[in-house]
$ cat run32.tsv   # TSV, C-alpha atoms and all ligand atoms
chain	number	residue	atom	x	y	z
A	1	MET	CA	98.17	164.37	-10.73
A	2	GLY	CA	99.30	166.73	-13.44
A	3	GLY	CA	100.03	166.20	-17.09
A	4	THR	CA	103.80	166.45	-16.69
A	5	LEU	CA	103.92	163.69	-14.09
A	6	ASP	CA	101.59	161.53	-16.18
A	7	ALA	CA	103.89	162.01	-19.15
A	8	LEU	CA	106.92	161.16	-17.00
A	9	LYS	CA	105.24	158.02	-15.67
A	10	HIS	CA	104.49	156.96	-19.23
A	11	LEU	CA	108.08	157.70	-20.22
A	12	GLN	CA	109.33	155.69	-17.26
A	13	GLU	CA	107.19	152.73	-18.31
A	14	VAL	CA	108.48	152.89	-21.89
A	15	GLU	CA	112.06	153.14	-20.62
A	16	ARG	CA	111.46	150.15	-18.35
A	17	LYS	CA	110.23	148.01	-21.26
A	18	LEU	CA	113.17	149.12	-23.41
A	19	GLY	CA	115.52	148.35	-20.54
A	20	GLU	CA	114.06	144.83	-20.26
A	21	LEU	CA	114.57	144.20	-23.97
A	22	ARG	CA	118.13	145.48	-23.84
A	23	GLY	CA	118.83	143.56	-20.65
A	24	GLU	CA	117.78	140.29	-22.27
A	25	GLU	CA	119.98	141.08	-25.27
A	26	ALA	CA	122.90	141.94	-23.00
A	27	VAL	CA	122.58	138.60	-21.16
A	28	LYS	CA	122.89	136.73	-24.46
A	29	ARG	CA	125.81	138.87	-25.59
A	30	ARG	CA	127.60	138.20	-22.33
A	31	GLN	CA	127.05	134.45	-22.77
A	32	ILE	CA	128.60	134.66	-26.23
A	33	GLN	CA	131.55	136.64	-24.87
A	34	GLU	CA	132.06	134.01	-22.18
A	35	CYS	CA	132.14	131.30	-24.89
A	36	GLU	CA	134.69	133.36	-26.85
A	37	ARG	CA	136.83	133.69	-23.73
A	38	GLN	CA	136.71	129.94	-23.10
A	39	LEU	CA	137.49	129.19	-26.75
A	40	GLN	CA	140.54	131.42	-26.63
A	41	LYS	CA	141.75	129.67	-23.51
A	42	ARG	CA	141.28	126.22	-25.09
A	43	ASP	CA	143.02	127.36	-28.30
A	44	LYS	CA	146.01	128.51	-26.31
A	45	ASN	CA	146.17	125.16	-24.47
A	46	LEU	CA	145.78	123.24	-27.71
A	47	GLU	CA	148.62	125.18	-29.27
A	48	ASP	CA	150.85	124.40	-26.27
A	49	GLN	CA	149.91	120.72	-26.44
A	50	ARG	CA	150.63	120.56	-30.17
A	51	SER	CA	154.09	122.02	-29.80
A	52	GLU	CA	154.77	119.62	-26.90
A	53	ILE	CA	153.70	116.69	-29.12
A	54	ARG	CA	155.97	117.95	-31.92
A	55	ARG	CA	158.86	118.19	-29.47
A	56	ARG	CA	158.31	114.58	-28.35
A	57	GLU	CA	158.08	113.40	-31.96
A	58	ALA	CA	161.42	115.04	-32.75
A	59	GLU	CA	162.96	113.34	-29.71
A	60	ILE	CA	161.56	109.96	-30.78
A	61	HIS	CA	162.87	110.49	-34.29
A	62	SER	CA	166.35	111.29	-33.07
A	63	VAL	CA	166.41	108.24	-30.76
A	64	GLU	CA	165.25	106.05	-33.67
A	65	LEU	CA	168.05	107.40	-35.87
A	66	ASP	CA	170.49	106.60	-33.11
A	67	VAL	CA	169.15	103.04	-32.81
A	68	ASN	CA	169.45	102.54	-36.60
A	69	SER	CA	173.02	103.71	-36.76
A	70	ARG	CA	173.96	101.50	-33.80
A	71	GLU	CA	172.34	98.51	-35.50
A	72	GLN	CA	174.40	99.19	-38.59
A	73	THR	CA	177.56	99.34	-36.48
A	74	ILE	CA	176.64	96.04	-34.83
A	75	GLN	CA	176.14	94.55	-38.29
A	76	LYS	CA	179.62	95.71	-39.33
A	77	HIS	CA	181.12	94.24	-36.18
A	78	ARG	CA	179.37	90.93	-36.87
A	79	ILE	CA	181.03	90.81	-40.32
A	80	ALA	CA	184.34	91.65	-38.70
A	81	LEU	CA	183.75	88.89	-36.18
A	82	ASN	CA	183.71	86.31	-38.98
A	83	GLN	CA	187.04	87.51	-40.31
A	84	VAL	CA	189.12	87.64	-37.11
A	85	LYS	CA	192.24	85.57	-36.86
A	86	THR	CA	192.82	85.35	-33.11
A	87	ASN	CA	190.71	84.41	-30.14
A	88	LYS	CA	191.72	87.65	-28.44
A	89	ASP	CA	190.36	89.78	-31.32
A	90	TYR	CA	187.22	87.66	-31.41
A	91	ALA	CA	186.61	88.19	-27.70
A	92	ALA	CA	187.25	91.93	-28.00
A	93	ILE	CA	184.78	92.39	-30.86
A	94	LEU	CA	182.19	90.22	-29.12
A	95	THR	CA	182.44	92.44	-26.01
A	96	THR	CA	181.98	95.53	-28.18
A	97	ILE	CA	178.93	93.99	-29.84
A	98	ASN	CA	177.39	93.10	-26.49
A	99	THR	CA	177.97	96.59	-25.12
A	100	GLU	CA	176.39	98.09	-28.24
A	101	LYS	CA	173.43	95.71	-27.98
A	102	ALA	CA	172.89	96.76	-24.36
A	103	ASP	CA	173.09	100.47	-25.32
A	104	THR	CA	170.67	99.95	-28.21
A	105	SER	CA	168.21	98.15	-25.99
A	106	LYS	CA	168.35	101.06	-23.52
A	107	LEU	CA	167.66	103.47	-26.36
A	108	GLU	CA	164.76	101.34	-27.54
A	109	SER	CA	163.09	101.40	-24.16
A	110	CYS	CA	163.70	105.15	-24.03
A	111	ALA	CA	161.92	105.49	-27.41
A	112	LEU	CA	159.06	103.36	-26.10
A	113	GLU	CA	158.70	105.56	-23.05
A	114	LEU	CA	158.69	108.69	-25.22
A	115	MET	CA	155.99	107.14	-27.38
A	116	ASN	CA	153.85	106.47	-24.32
A	117	VAL	CA	154.26	110.10	-23.25
A	118	LYS	CA	153.37	111.23	-26.75
A	119	ASP	CA	150.28	109.01	-26.82
A	120	ALA	CA	149.10	110.42	-23.48
A	121	LEU	CA	149.63	113.97	-24.78
A	122	ARG	CA	147.72	113.10	-27.93
A	123	ALA	CA	144.82	111.67	-25.90
A	124	ALA	CA	144.66	114.82	-23.72
A	125	HIS	CA	144.80	116.92	-26.87
A	126	ASP	CA	141.90	115.01	-28.47
A	127	GLU	CA	139.84	115.35	-25.31
A	128	LEU	CA	140.43	119.09	-25.31
A	129	VAL	CA	139.41	119.28	-28.99
A	130	GLY	CA	136.12	117.61	-28.01
A	131	GLU	CA	135.64	120.13	-25.20
A	132	ARG	CA	136.39	123.00	-27.56
A	133	ASP	CA	133.87	121.69	-30.11
A	134	LYS	CA	131.16	121.65	-27.44
A	135	ILE	CA	131.90	125.26	-26.47
A	136	GLU	CA	131.82	126.28	-30.10
A	137	GLU	CA	128.45	124.57	-30.54
A	138	ARG	CA	127.18	126.45	-27.49
A	139	ARG	CA	128.39	129.74	-28.95
A	140	THR	CA	126.69	129.01	-32.28
A	141	ARG	CA	123.44	128.11	-30.50
A	142	THR	CA	123.55	131.27	-28.36
A	143	GLU	CA	124.27	133.40	-31.43
A	144	ALA	CA	121.28	131.88	-33.18
A	145	ARG	CA	119.13	132.58	-30.11
A	146	LEU	CA	120.35	136.18	-29.97
A	147	ASN	CA	119.59	136.72	-33.64
A	148	ALA	CA	116.14	135.17	-33.28
A	149	TYR	CA	115.51	137.36	-30.24
A	150	LEU	CA	116.59	140.53	-32.07
A	151	GLU	CA	114.43	139.56	-35.02
A	152	ARG	CA	111.45	138.84	-32.78
A	153	THR	CA	111.75	142.09	-30.80
A	154	ARG	CA	112.83	144.36	-33.64
A	155	SER	CA	109.45	145.97	-34.26
A	156	GLU	CA	108.58	146.21	-30.55
A	157	CYS	CA	111.94	147.84	-29.91
A	158	ALA	CA	111.46	150.30	-32.78
A	159	GLU	CA	107.96	151.17	-31.55
A	160	LEU	CA	109.14	151.71	-27.99
A	161	THR	CA	112.08	153.82	-29.15
A	162	HIS	CA	109.73	155.94	-31.23
A	163	GLU	CA	107.35	156.25	-28.28
A	164	ARG	CA	110.21	157.19	-25.99
A	165	ASP	CA	111.47	159.85	-28.41
A	166	GLU	CA	107.98	161.30	-28.79
A	167	ALA	CA	107.35	161.32	-25.05
A	168	SER	CA	110.65	163.01	-24.27
A	169	ALA	CA	110.24	165.56	-27.09
A	170	ALA	CA	106.88	166.57	-25.60
A	171	LEU	CA	108.44	167.33	-22.21
A	172	PRO	CA	110.33	170.54	-21.39
A	173	PRO	CA	114.14	170.10	-21.65
A	174	THR	CA	114.66	171.01	-17.97
A	175	VAL	CA	112.22	168.28	-16.92
A	176	MET	CA	113.96	165.82	-19.25
A	177	SER	CA	117.38	166.60	-17.86
A	178	THR	CA	116.08	166.09	-14.31
A	179	PHE	CA	114.53	162.79	-15.42
A	180	ASP	CA	117.70	161.63	-17.18
A	181	ARG	CA	119.88	162.48	-14.19
A	182	ALA	CA	117.58	160.64	-11.78
A	183	ALA	CA	117.36	157.66	-14.17
A	184	GLU	CA	121.12	157.50	-14.47
A	185	ARG	CA	121.54	157.67	-10.71
A	186	HIS	CA	118.95	154.98	-9.98
A	187	ASP	CA	119.45	152.39	-12.67
A	188	GLY	CA	116.65	153.67	-14.92
A	189	GLU	CA	114.14	154.20	-12.08
A	190	ALA	CA	113.77	157.97	-12.19
A	191	LEU	CA	110.38	158.07	-10.47
A	192	ALA	CA	109.26	157.06	-7.01
A	193	ALA	CA	105.82	156.92	-5.47
A	194	VAL	CA	105.04	158.69	-2.24
A	195	ARG	CA	103.54	156.33	0.36
A	196	LYS	CA	101.51	157.03	3.42
A	197	VAL	CA	103.18	155.30	6.34
A	198	ASN	CA	100.16	155.18	8.60
A	199	PRO	CA	96.56	155.49	7.38
A	200	LYS	CA	95.67	157.50	10.49
A	201	ARG	CA	98.48	159.99	10.29
A	202	ASP	CA	99.75	162.38	7.64
A	203	GLU	CA	103.20	160.83	7.41
A	204	PHE	CA	104.71	160.08	4.04
A	205	ILE	CA	107.82	158.43	2.70
A	206	CYS	CA	109.55	158.18	-0.67
A	207	ALA	CA	109.11	154.58	-1.90
A	208	GLY	CA	112.52	154.82	-3.56
A	209	CYS	CA	114.62	155.46	-0.46
A	210	ASN	CA	112.09	155.13	2.40
A	211	MET	CA	112.92	158.56	3.75
A	212	THR	CA	110.35	161.06	4.98
A	213	VAL	CA	108.65	163.36	2.49
A	214	THR	CA	107.47	166.65	4.00
A	215	LEU	CA	103.83	167.77	3.99
A	216	GLU	CA	104.92	170.83	2.06
A	217	THR	CA	106.08	168.54	-0.75
A	218	ILE	CA	102.83	166.57	-0.57
A	219	ASN	CA	100.82	169.79	-0.89
A	220	SER	CA	102.88	170.90	-3.80
A	221	LEU	CA	102.30	167.51	-5.52
A	222	ARG	CA	98.58	167.75	-4.85
A	223	THR	CA	98.13	171.25	-6.14
A	224	ARG	CA	100.73	171.91	-8.81
A	225	ASP	CA	101.85	170.13	-11.94
A	226	GLU	CA	105.54	170.39	-11.33
A	227	VAL	CA	108.50	168.12	-10.91
A	228	VAL	CA	109.41	167.61	-7.28
A	229	GLN	CA	112.42	165.51	-6.39
A	230	CYS	CA	112.96	163.55	-3.21
A	231	SER	CA	115.38	165.65	-1.19
A	232	ILE	CA	117.31	162.53	-0.19
A	233	CYS	CA	117.56	160.30	-3.30
A	234	GLY	CA	116.65	162.78	-6.04
A	235	ARG	CA	113.93	160.60	-7.60
A	236	ILE	CA	110.97	162.45	-9.11
A	237	LEU	CA	108.05	161.97	-6.72
A	238	PHE	CA	104.46	161.20	-7.59
A	239	LEU	CA	101.37	160.49	-5.50
A	240	GLU	CA	99.87	157.04	-5.75
A	241	GLU	CA	96.27	157.03	-6.83
A	301	ZN	ZN	113.85	159.20	-2.05
$ encode --input "run32.tsv" --output "structure tokens"
Amino acid sequence: MGGTLDALKHLQEVERKLGELRGEEAVKRRQIQECERQLQKRDKNLEDQRSEIRRREAEIHSVELDVNSREQTIQKHRIALNQVKTNKDYAAILTTINTEKADTSKLESCALELMNVKDALRAAHDELVGERDKIEERRTRTEARLNAYLERTRSECAELTHERDEASAALPPTVMSTFDRAAERHDGEALAAVRKVNPKRDEFICAGCNMTVTLETINSLRTRDEVVQCSICGRILFLEE
């Protein structure tokens, strides 16, 4: 095992630890984003519910105005009733009053129905507010956890980043670009061990993709300190000790 491969293995280990730290951070950030998304959805629904409630309130108000004006009219007709001279006029006004009373009573039950609808809307609205509050609490808690996590891992992260920068600066740029390409292609896992398939035979595979590694490659790994990539997956190969 040569110095370059040792350095690459160290770099890979540092990258793996950094990746774990960032992965944990990303999970928390995604949870916060999910809370934000849910909050936005609830806010939109709450806004719709509020305008629906306002619409119902306006309807109730207008029905109530109608009822009031009809009651005033009935009152006027009652006064008129006391001043009529003939039975015919009396009967006519009484009929009008009764019709108006019936209409008013219809309007009153309409107002009652609207109030029931409004109350149901208000109850649904309040329930949604409760739901929204819980989501907001969850977001606040997750934010606090994220901040605590960042605080807790700050120095470790800085150390690892420094270590990574040092390790990569010590390697030749061509080796680094091969490493970076392989890491990008394989989710950060730029290196793969070479495994012997059968203890009795000289048959080897790349542990990254399980494809055969030639004896020529094995010899090259045993004798020279150079970067050899798996011809199938492109990972940088190393021999297991
Ligand atoms: Zn491979």
$ atom_distance --input "run32.tsv" --atom1 "CA of Cys209 (chain A)" --atom2 "CA of Lys196 (chain A)"
13.8 Å
$ residues_around --input "run32.tsv" --residues "Glu25 (chain A)" --least-positions-apart "6" --cutoff "9 Å" --atoms "only C-alpha atoms" --output "ChimeraX atom specification"
/A:146,149-150
$ closest_atom_pairs --input "run32.tsv" --of "chain A" --to "ligand ZN 301 (chain A)" --cutoff "12 Å" --atoms "all atoms listed in the file" --output "CSV"
residue,atom,partner,partner_atom,distance
A:Ala182,CA,A:ZN301,ZN,10.5
A:Arg185,CA,A:ZN301,ZN,11.7
A:His186,CA,A:ZN301,ZN,10.3
A:Glu189,CA,A:ZN301,ZN,11.2
A:Ala190,CA,A:ZN301,ZN,10.2
A:Leu191,CA,A:ZN301,ZN,9.2
A:Ala192,CA,A:ZN301,ZN,7.1
A:Ala193,CA,A:ZN301,ZN,9.0
A:Val194,CA,A:ZN301,ZN,8.8
A:Arg195,CA,A:ZN301,ZN,11.0
A:Phe204,CA,A:ZN301,ZN,11.0
A:Ile205,CA,A:ZN301,ZN,7.7
A:Cys206,CA,A:ZN301,ZN,4.6
A:Ala207,CA,A:ZN301,ZN,6.6
A:Gly208,CA,A:ZN301,ZN,4.8
A:Cys209,CA,A:ZN301,ZN,4.1
A:Asn210,CA,A:ZN301,ZN,6.3
A:Met211,CA,A:ZN301,ZN,5.9
A:Thr212,CA,A:ZN301,ZN,8.1
A:Val213,CA,A:ZN301,ZN,8.1
A:Thr214,CA,A:ZN301,ZN,11.5
A:Val228,CA,A:ZN301,ZN,10.9
A:Gln229,CA,A:ZN301,ZN,7.8
A:Cys230,CA,A:ZN301,ZN,4.6
A:Ser231,CA,A:ZN301,ZN,6.7
A:Ile232,CA,A:ZN301,ZN,5.1
A:Cys233,CA,A:ZN301,ZN,4.1
A:Gly234,CA,A:ZN301,ZN,6.0
A:Arg235,CA,A:ZN301,ZN,5.7
A:Ile236,CA,A:ZN301,ZN,8.3
A:Leu237,CA,A:ZN301,ZN,7.9
A:Phe238,CA,A:ZN301,ZN,11.1
$ atom_distance --input "run32.tsv" --atom1 "CA of Arg122 (chain A)" --atom2 "CA of Arg54 (chain A)"
10.4 Å
$ axis_aligned_box --input "run32.tsv" --around "region 58-62 of chain A" --padding-each-side "4 Å" --output "lines of an AutoDock Vina configuration file"
center_x = 163.9
center_y = 112.5
center_z = -32.0
size_x = 12.9
size_y = 13.1
size_z = 12.6
$ atom_distance --input "run32.tsv" --atom1 "CA of Thr223 (chain A)" --atom2 "CA of Leu239 (chain A)"
11.3 Å
$ closest_residue --input "run32.tsv" --among "A:His125, A:Lys17, A:Arg70, A:Lys28" --to "Thr99 (chain A)" --atoms "only C-alpha atoms"
A:Arg70
$ residues_around --input "run32.tsv" --residues "region 156-158 of chain A" --least-positions-apart "4" --cutoff "10 Å" --atoms "all atoms listed in the file" --output "list in words"
Lys17, Leu18, Leu21, Arg22, Leu150, Glu151, Arg152, His162, Glu163 and Arg164 of chain A
$ residues_around --input "run32.tsv" --residues "Thr95 (chain A)" --least-positions-apart "4" --cutoff "12 Å" --atoms "only C-alpha atoms" --output "list in words"
Ile74, His77, Arg78, Leu81, Lys88, Asp89, Tyr90, Ala91, Thr99, Glu100, Lys101 and Ala102 of chain A
$ residues_around --input "run32.tsv" --residues "Ile135 (chain A)" --least-positions-apart "5" --cutoff "9 Å" --atoms "only C-alpha atoms" --output "PyMOL selection string"
chain A and resi 35-36+38-39+130+140
$ closest_residue --input "run32.tsv" --among "A:Leu221, A:Leu121, A:Leu107, A:Val197" --to "His61 (chain A)" --atoms "all atoms listed in the file"
A:Leu107
$ closest_residue --input "run32.tsv" --among "A:Arg181, A:Lys200, A:Lys118, A:Arg222" --to "Glu57 (chain A)" --atoms "all atoms listed in the file"
A:Lys118
$ closest_residue --input "run32.tsv" --among "A:Leu46, A:Ser105, A:Glu24, A:Glu226" --to "Leu171 (chain A)" --atoms "only C-alpha atoms"
A:Glu226
